[in-house]
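Listing of data-v1.txt, compact mmCIF, C-alpha atoms
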```txt
# COMPACT_ATOMS: atom_id res chain seq x y z
CA MET A 1 79.54 50.04 -60.39
CA THR A 2 76.17 50.02 -62.22
CA ARG A 3 77.01 46.69 -63.82
CA PHE A 4 77.62 45.19 -60.34
CA ALA A 5 74.33 46.64 -59.06
CA LEU A 6 72.51 45.19 -62.07
CA TRP A 7 73.97 41.72 -61.47
CA LEU A 8 73.16 41.97 -57.76
CA LEU A 9 69.55 42.97 -58.49
CA THR A 10 69.20 40.14 -61.04
CA GLY A 11 70.54 37.62 -58.51
CA LEU A 12 68.19 38.85 -55.80
CA LEU A 13 65.18 38.69 -58.12
CA LEU A 14 66.13 35.17 -59.21
CA ALA A 15 66.52 34.06 -55.57
CA LEU A 16 63.15 35.62 -54.71
CA GLY A 17 61.51 33.78 -57.63
CA VAL A 18 62.97 30.43 -56.56
CA HIS A 19 61.91 31.04 -52.96
CA VAL A 20 58.32 31.97 -53.86
CA GLY A 21 58.07 29.06 -56.32
CA THR A 22 59.21 26.62 -53.62
CA LEU A 23 56.72 27.98 -51.11
CA LEU A 24 53.89 27.67 -53.60
CA ALA A 25 54.88 24.09 -54.55
CA VAL A 26 55.06 22.72 -50.97
CA PRO A 27 51.28 22.41 -50.37
CA TYR A 28 50.81 20.68 -53.72
CA LEU A 29 53.62 18.20 -53.09
CA ALA A 30 52.52 17.52 -49.50
CA ALA A 31 48.93 16.81 -50.55
CA GLN A 32 49.79 13.96 -52.92
CA LYS A 33 47.93 10.67 -52.63
CA PRO A 34 49.47 8.12 -50.29
CA PRO A 35 52.26 5.99 -51.66
CA GLY A 36 51.48 2.55 -52.96
CA TRP A 37 52.64 0.80 -49.80
CA LEU A 38 49.72 2.35 -47.91
CA ARG A 39 47.31 0.41 -50.10
CA PRO A 40 46.05 -2.78 -48.55
CA LEU A 41 48.74 -5.42 -48.35
CA GLY A 42 46.63 -7.99 -46.53
CA PRO A 43 43.45 -8.50 -44.52
CA ASP A 44 42.06 -5.99 -42.02
CA PHE A 45 43.41 -5.99 -38.46
CA VAL A 46 46.66 -7.79 -39.35
CA PHE A 47 50.10 -6.21 -39.63
CA VAL A 48 51.80 -7.15 -42.89
CA THR A 49 55.52 -6.46 -43.27
CA ALA A 50 56.08 -4.57 -46.50
CA PRO A 51 58.70 -5.99 -48.85
CA GLN A 52 61.93 -4.00 -48.82
CA GLY A 53 62.09 -1.41 -51.57
CA LEU A 54 58.31 -1.21 -51.95
CA ALA A 55 58.17 2.32 -50.53
CA LEU A 56 59.88 4.91 -52.67
CA ARG A 57 62.22 7.32 -50.91
CA GLU A 58 62.35 5.09 -47.86
CA ASP A 59 65.56 4.56 -45.95
CA PRO A 60 67.02 1.17 -46.98
CA ALA A 61 67.79 0.47 -43.31
CA ARG A 62 64.12 0.85 -42.32
CA ARG A 63 61.49 -1.86 -42.34
CA LEU A 64 57.75 -1.19 -42.57
CA SER A 65 54.69 -3.03 -41.38
CA VAL A 66 51.15 -1.92 -42.33
CA CYS A 67 47.76 -2.73 -40.78
CA ARG A 68 44.42 -1.70 -42.27
CA TYR A 69 41.74 -0.90 -39.67
CA ASP A 70 38.09 0.11 -39.49
CA LEU A 71 36.60 1.66 -36.34
CA ASN A 72 32.97 1.31 -37.44
CA ALA A 73 32.56 -2.03 -35.68
CA ALA A 74 34.73 -1.50 -32.59
CA PRO A 75 37.84 0.27 -31.28
CA VAL A 76 41.25 -1.06 -32.33
CA ARG A 77 44.02 -1.99 -29.89
CA VAL A 78 47.57 -1.63 -31.20
CA ARG A 79 50.61 -3.27 -29.60
CA VAL A 80 54.11 -2.85 -31.02
CA GLN A 81 57.32 -4.18 -29.53
CA THR A 82 60.24 -1.77 -29.74
CA THR A 83 63.56 -2.74 -31.29
CA ASP A 84 67.18 -1.83 -30.52
CA GLY A 85 66.95 0.83 -33.22
CA PHE A 86 64.34 3.53 -33.62
CA THR A 87 60.71 2.37 -33.79
CA SER A 88 57.65 4.49 -34.56
CA VAL A 89 53.93 3.99 -35.13
CA ALA A 90 51.79 6.34 -37.23
CA VAL A 91 48.05 6.31 -37.93
CA TYR A 92 47.00 7.49 -41.39
CA THR A 93 43.66 8.28 -43.02
CA PRO A 94 42.81 6.44 -46.24
CA ASP A 95 44.03 9.45 -48.24
CA GLY A 96 47.41 9.49 -46.46
CA ARG A 97 47.01 12.24 -43.86
CA ASN A 98 48.75 11.54 -40.57
CA GLN A 99 46.32 11.48 -37.61
CA TYR A 100 48.59 10.29 -34.81
CA ALA A 101 52.21 9.29 -34.27
CA LEU A 102 54.14 7.70 -31.44
CA ASN A 103 57.76 6.63 -31.14
CA ASP A 104 59.75 4.29 -28.93
CA ARG A 105 60.48 7.01 -26.36
CA ALA A 106 56.87 6.64 -25.23
CA ALA A 107 57.21 2.87 -24.81
CA GLN A 108 56.72 1.23 -21.45
CA ARG A 109 58.59 -2.00 -20.78
CA GLY A 110 59.57 -2.26 -24.45
CA MET A 111 55.99 -2.01 -25.76
CA MET A 112 54.03 0.79 -27.39
CA GLU A 113 50.33 0.23 -26.70
CA PHE A 114 47.29 2.35 -27.45
CA THR A 115 43.67 1.99 -28.46
CA LEU A 116 42.15 3.88 -31.39
CA TYR A 117 38.61 5.21 -30.99
CA SER A 118 36.21 7.19 -33.11
CA PRO A 119 35.11 10.43 -31.39
CA ALA A 120 31.80 8.84 -30.27
CA GLN A 121 33.53 5.69 -28.99
CA LEU A 122 36.09 7.77 -27.09
CA ALA A 123 33.41 9.88 -25.40
CA ASP A 124 31.54 6.71 -24.43
CA VAL A 125 34.58 4.95 -22.95
CA ARG A 126 35.66 8.04 -21.00
CA ALA A 127 32.13 8.40 -19.59
CA ARG A 128 32.13 4.74 -18.48
CA GLU A 129 35.75 4.27 -17.38
CA GLY A 130 36.94 7.76 -16.48
CA PRO A 131 39.92 9.71 -17.77
CA ASP A 132 42.93 8.26 -19.55
CA THR A 133 45.79 6.82 -17.52
CA PRO A 134 49.42 6.25 -18.48
CA GLU A 135 48.69 2.52 -18.65
CA SER A 136 45.74 2.93 -21.03
CA LEU A 137 46.50 5.37 -23.80
CA ARG A 138 43.33 6.23 -25.73
CA VAL A 139 43.61 7.93 -29.09
CA GLY A 140 40.69 9.55 -30.86
CA VAL A 141 40.91 9.74 -34.64
CA ALA A 142 38.54 11.63 -36.91
CA GLU A 143 38.45 9.09 -39.73
CA GLY A 144 36.73 5.74 -39.12
CA ALA A 145 39.15 3.75 -41.27
CA GLY A 146 42.77 3.98 -42.27
CA ARG A 147 46.22 2.45 -42.00
CA ILE A 148 48.62 2.00 -39.11
CA VAL A 149 52.27 2.01 -40.19
CA VAL A 150 55.13 0.78 -38.01
CA ARG A 151 58.63 1.84 -39.01
CA ALA A 152 61.65 0.13 -37.47
CA LEU A 153 65.27 1.01 -38.07
CA VAL A 154 67.75 -1.82 -38.63
CA PRO A 155 70.93 -0.48 -36.94
CA GLN A 156 73.17 -3.28 -38.31
CA PRO A 157 72.49 -5.87 -41.03
CA SER A 158 73.00 -8.63 -38.45
CA GLU A 159 70.05 -7.24 -36.45
CA GLU A 160 67.53 -7.49 -39.30
CA PRO A 161 66.08 -10.86 -38.15
CA ALA A 162 65.38 -9.42 -34.69
CA VAL A 163 63.72 -6.32 -36.18
CA LEU A 164 61.58 -8.44 -38.51
CA ALA A 165 60.63 -10.68 -35.57
CA ALA A 166 59.53 -7.62 -33.57
CA LEU A 167 57.48 -6.37 -36.52
CA GLY A 168 55.94 -9.82 -36.82
CA GLN A 169 54.73 -9.63 -33.22
CA ALA A 170 52.90 -6.30 -33.71
CA THR A 171 49.15 -6.60 -33.28
CA CYS A 172 46.25 -4.50 -34.50
CA GLU A 173 43.04 -6.07 -33.26
CA SER A 174 39.42 -5.07 -33.01
CA VAL A 175 38.36 -4.79 -29.36
CA PRO A 176 34.83 -5.78 -28.39
CA ARG A 177 33.06 -3.10 -26.37
```
As structure tokens, the full file:
Amino acid sequence: MTRFALWLLTGLLLALGVHVGTLLAVPYLAAQKPPGWLRPLGPDFVFVTAPQGLALREDPARRLSVCRYDLNAAPVRVRVQTTDGFTSVAVYTPDGRNQYALNDRAAQRGMMEFTLYSPAQLADVRAREGPDTPESLRVGVAEGAGRIVVRALVPQPSEEPAVLAALGQATCESVPR
């Protein structure tokens, strides 16, 4: 009986150690620098479709498109056409922290549209034009520059051309005030 209790206590202590070690490792692993595909792939304010396999640990049935933006000059309007599979848009800081995310369930008439503003720009536009409406989604982000990443699922290999065409139509443009 004491041998069983000793094994049980050893197992519980081992499980506790693994649990605590995992909890302590999560913040370190989550705070890693952004993956290489978040580095600039092209010019500012243009979505560039990332080559397949560029992003580690990405689903092979998912395609990515990345746009680098800078809010210092003007707000940025983003338009993304949805696909037959899942589509999402995420706004990241330069160091890889997610600031905003939207998926195809929020799309209207097959399009996800929003405008990114700095806090000062957002306060100014709300003072001039009034509150947000469902037709004009305004998003305030703390960082003045970053990356916008569109992820689209390719449900069947035969649908890849349509998904890539939809990603090719995504826009990320500076909007004059």
Env of range 91-97 of chain A: 7 Å cut, atoms = all atoms listed in the file, seq-sep filter 3 positions within chain, self excluded. Answer as a PDB file with C-alpha atoms, keeping the file's coordinate frame.
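Saved as around-v7.pdb:
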```
ATOM      1  CA  LYS A  33      47.930  10.670 -52.630  1.00  0.00           C
ATOM      2  CA  PRO A  34      49.470   8.120 -50.290  1.00  0.00           C
ATOM      3  CA  TYR A 100      48.590  10.290 -34.810  1.00  0.00           C
ATOM      4  CA  ALA A 101      52.210   9.290 -34.270  1.00  0.00           C
ATOM      5  CA  GLU A 143      38.450   9.090 -39.730  1.00  0.00           C
ATOM      6  CA  ALA A 145      39.150   3.750 -41.270  1.00  0.00           C
ATOM      7  CA  GLY A 146      42.770   3.980 -42.270  1.00  0.00           C
ATOM      8  CA  ARG A 147      46.220   2.450 -42.000  1.00  0.00           C
ATOM      9  CA  ILE A 148      48.620   2.000 -39.110  1.00  0.00           C
ATOM     10  CA  VAL A 149      52.270   2.010 -40.190  1.00  0.00           C
TER      11      VAL A 149
END
```
Within 12 Å of Glu113 in chain A, counting all atoms listed in the file, which residues show up once you throw out same-chain ones fewer than 4 positions away? Write them as number ranges by chain, please.
A: 76-82, 88-89, 101-104, 106-109, 134-139, 170-173
Got a sec: who's within 12 Å of Val154 in chain A, counting all atoms listed in the file, leaving out chain neighbours fewer than 2 positions off, as number ranges by chain?
A: 52, 59-64, 82-87, 151-152, 156-167
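Residues in contact with Ala73 in chain A at 12 Å, where all atoms listed in the file are counted and same-chain residues fewer than 4 positions away are skipped, are listed as Phe45, Tyr69, Tyr117, Ser118, Gln121, Gly144, Ala145, Glu173, Ser174, Val175, Pro176 and Arg177 of chain A.
Straight-line separation from CA of Glu129 in chain A to CA of Gln99 in chain A: 23.9 Å.
CA of Ala74 in chain A is positioned 19.3 Å from CA of Ala90 in chain A.
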